[in-house]
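I have placed the structure first, in the form of structure tokens, so that the comments after it can refer back to it.
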Amino acid sequence: MMGLVEGIQFKDNFNSIIYSCKKSIPHQFDEFKLVFDDRDYVNGEVIAHYTDIAVVKLSYKNVTVQAYIYKSKVSACAFINNEDIPIYLPKGSSFKFVIERMDEKNSIVEVSRKPYRQELDDVEIGVAYPVYFTKFYNGKYFFYSQSLEGYVFRAKNIFQVGKEIEVLPTSTTSQEFIISK
């Protein structure tokens, strides 16, 4: 199994090793660019966190490429702080992403969860959905999962971050839900 980072250079004057996340995972940018259909969602695994981004390993039609997701592109309804990134996108978790931009000059792929998260087409009224509580902000209890995100007002319980809860949609056009009993 390949590691998440690879030593690429030794700085003897500082007695330290320079590591690279990018070198440890195949980055088939040119191949990805050729096979990618911009109407598709791309499955990706979160492999690292930095100050305001997460690094994602995308797999699409047997091609692997690394991508970045900025904190502003993680959620369609919650304001994401730097410390929220590992909560919303835990390392080792897989999600569906939308390609935001491909920079051919630097071989960079940027992804987003926002367009995917804004679609509530598959939500059914009366069906309870398991989600994870992510944060309390401005009177709202925000939650997140692979296929759903939203918030709850006036929750009777105070939840710990990461706790699994069940929610019920109040409509198919709103991201407001209620706690399942």
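Following the order of the structure tokens, first chain is A, next is B, and so on, with residues numbered from 1 inside each chain and ligands from 1 in the order they appear.
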Spatial neighbours of A:Phe136, 10 Å, only C-alpha atoms, chain gap at least 5 places, as a ChimeraX atom specification: /A:78,141-143,151-153,158-161
When you look at A:Leu168 with a cut-off of 8 Å (counting only C-alpha atoms), what residues show up, excluding the ones that are within fewer than 4 positions of it in the same chain? I need them as a PyMOL selection string. chain A and resi 125-129+177-180
Using DSSP on the backbone coordinates, identify all residues within stretch 94-160 of chain A classified as strand (DSSP E); present the result as number ranges by chain. A: 94-103, 108-112, 129-137, 140-144, 149-153
With N, CA and C atoms retained, export the selected residues as a short mmCIF file (atom, residue, chain, number, x, y, z; two decimals), in the first residue's frame.
data_model
loop_
_atom_site.label_atom_id
_atom_site.label_comp_id
_atom_site.auth_asym_id
_atom_site.auth_seq_id
_atom_site.Cartn_x
_atom_site.Cartn_y
_atom_site.Cartn_z
N SER A 94 -14.94 9.05 1.54
CA SER A 94 -15.18 9.24 0.11
C SER A 94 -16.45 10.04 -0.09
N PHE A 95 -16.41 10.91 -1.09
CA PHE A 95 -17.53 11.77 -1.43
C PHE A 95 -17.60 11.93 -2.94
N LYS A 96 -18.73 12.46 -3.41
CA LYS A 96 -18.86 12.85 -4.81
C LYS A 96 -18.52 14.33 -4.92
N PHE A 97 -17.78 14.66 -5.97
CA PHE A 97 -17.33 16.03 -6.19
C PHE A 97 -17.69 16.48 -7.59
N VAL A 98 -17.72 17.80 -7.77
CA VAL A 98 -17.91 18.43 -9.07
C VAL A 98 -16.58 19.13 -9.40
N ILE A 99 -16.12 18.97 -10.63
CA ILE A 99 -14.89 19.66 -11.06
C ILE A 99 -15.22 21.14 -11.27
N GLU A 100 -14.53 22.00 -10.54
CA GLU A 100 -14.72 23.45 -10.66
C GLU A 100 -13.81 24.03 -11.73
N ARG A 101 -12.54 23.56 -11.73
CA ARG A 101 -11.56 24.16 -12.64
C ARG A 101 -10.41 23.19 -12.86
N MET A 102 -9.88 23.19 -14.08
CA MET A 102 -8.67 22.44 -14.39
C MET A 102 -7.66 23.42 -14.96
N ASP A 103 -6.55 23.59 -14.26
CA ASP A 103 -5.49 24.49 -14.66
C ASP A 103 -4.44 23.67 -15.42
N ILE A 108 -3.40 21.42 -12.15
CA ILE A 108 -4.16 21.50 -10.91
C ILE A 108 -5.65 21.28 -11.21
N VAL A 109 -6.28 20.48 -10.34
CA VAL A 109 -7.72 20.25 -10.43
C VAL A 109 -8.34 20.79 -9.15
N GLU A 110 -9.35 21.64 -9.28
CA GLU A 110 -10.09 22.15 -8.14
C GLU A 110 -11.49 21.56 -8.18
N VAL A 111 -11.97 21.12 -7.02
CA VAL A 111 -13.29 20.51 -6.94
C VAL A 111 -14.17 21.26 -5.96
N SER A 112 -15.46 20.93 -5.99
CA SER A 112 -16.44 21.55 -5.11
C SER A 112 -17.47 20.50 -4.71
N TYR A 129 -33.18 10.37 7.59
CA TYR A 129 -31.86 10.23 6.98
C TYR A 129 -30.77 10.31 8.06
N PRO A 130 -29.85 9.33 8.08
CA PRO A 130 -28.75 9.42 9.04
C PRO A 130 -27.70 10.42 8.54
N VAL A 131 -27.30 11.32 9.43
CA VAL A 131 -26.33 12.36 9.11
C VAL A 131 -25.43 12.56 10.32
N TYR A 132 -24.40 13.40 10.17
CA TYR A 132 -23.50 13.70 11.27
C TYR A 132 -23.57 15.18 11.60
N PHE A 133 -23.74 15.46 12.91
CA PHE A 133 -23.77 16.84 13.37
C PHE A 133 -22.38 17.43 13.20
N THR A 134 -22.29 18.62 12.61
CA THR A 134 -20.99 19.23 12.32
C THR A 134 -20.72 20.51 13.09
N LYS A 135 -21.73 21.34 13.31
CA LYS A 135 -21.46 22.59 14.04
C LYS A 135 -22.75 23.28 14.41
N PHE A 136 -22.65 24.13 15.43
CA PHE A 136 -23.74 25.02 15.82
C PHE A 136 -23.29 26.43 15.49
N TYR A 137 -24.10 27.17 14.73
CA TYR A 137 -23.71 28.52 14.32
C TYR A 137 -24.98 29.33 14.05
N LYS A 140 -28.39 27.66 14.39
CA LYS A 140 -28.66 26.48 13.56
C LYS A 140 -27.71 25.35 13.92
N TYR A 141 -28.24 24.14 13.93
CA TYR A 141 -27.44 22.94 14.10
C TYR A 141 -27.21 22.35 12.71
N PHE A 142 -25.99 22.44 12.21
CA PHE A 142 -25.68 21.98 10.86
C PHE A 142 -25.29 20.51 10.86
N PHE A 143 -25.67 19.81 9.81
CA PHE A 143 -25.29 18.41 9.64
C PHE A 143 -24.82 18.17 8.22
N TYR A 144 -24.22 17.00 8.02
CA TYR A 144 -23.57 16.70 6.74
C TYR A 144 -23.48 15.20 6.58
N GLU A 149 -27.08 17.51 3.22
CA GLU A 149 -26.59 18.53 4.15
C GLU A 149 -27.72 19.48 4.43
N GLY A 150 -27.67 20.08 5.61
CA GLY A 150 -28.71 21.03 5.97
C GLY A 150 -28.53 21.48 7.39
N TYR A 151 -29.64 21.91 7.99
CA TYR A 151 -29.59 22.41 9.36
C TYR A 151 -30.92 22.16 10.04
N VAL A 152 -30.88 22.25 11.37
CA VAL A 152 -32.05 22.07 12.21
C VAL A 152 -32.12 23.28 13.13
N PHE A 153 -33.32 23.85 13.27
CA PHE A 153 -33.54 24.91 14.27
C PHE A 153 -34.08 24.28 15.54
#
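Proximity to A:Tyr50 was assessed for A:Ile80, A:Phe32, A:Pro86, A:Val63 counting only C-alpha atoms; the smallest distance is recorded for A:Pro86.
One distance worth recording is that between atom CA of A:Pro169 and atom CA of A:Asp38, which is 29.7 Å.
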Distance of atom CA of A:Lys71 from atom CA of A:Glu124, expressed in Å to one decimal place: 28.7 Å
Name all residues at most 7 Å from A:Ile53 (count only C-alpha atoms; drop same-chain ones fewer than 2 positions away) and give them as number ranges by chain. A: 49-51, 55, 68-71
Requested write-out: C-alpha atoms of the selected residues, as a compact mmCIF listing (two decimals), in the first residue's frame:
# COMPACT_ATOMS: atom_id res chain seq x y z
CA HIS A 49 -5.88 18.62 5.26
CA TYR A 50 -4.06 21.93 5.17
CA THR A 51 -4.93 25.38 6.52
CA VAL A 55 -6.48 17.29 -0.81
CA TYR A 68 -7.95 20.46 -4.01
CA ILE A 69 -11.14 21.67 -2.40
CA TYR A 70 -11.15 25.09 -0.75
CA LYS A 71 -13.17 25.63 2.42
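Using only C-alpha atoms for every distance, the candidate list A:Cys77, A:Val46, A:Thr64, A:Lys105 yields A:Val46 as the residue closest to A:Gly92.
Of the listed residues (A:Gly162, A:Val167, A:Tyr41, A:Val65), A:Tyr41 comes nearest to A:Arg113; the distances count only C-alpha atoms.
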From stretch 19-100 of chain A, collect each residue whose DSSP state is alpha helix (DSSP H) and return the set as number ranges by chain. A: 21-24, 29-35, 85-88
One-decimal distance in Å that lies between atom CA of A:Asn106 and atom CA of A:Asp37: 20.3 Å
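Minimum atom-to-atom distance to A:Asp122, evaluated using only C-alpha atoms, belongs to A:Ser147 out of A:Ser59, A:Ser147, A:Gln66, A:Glu164.
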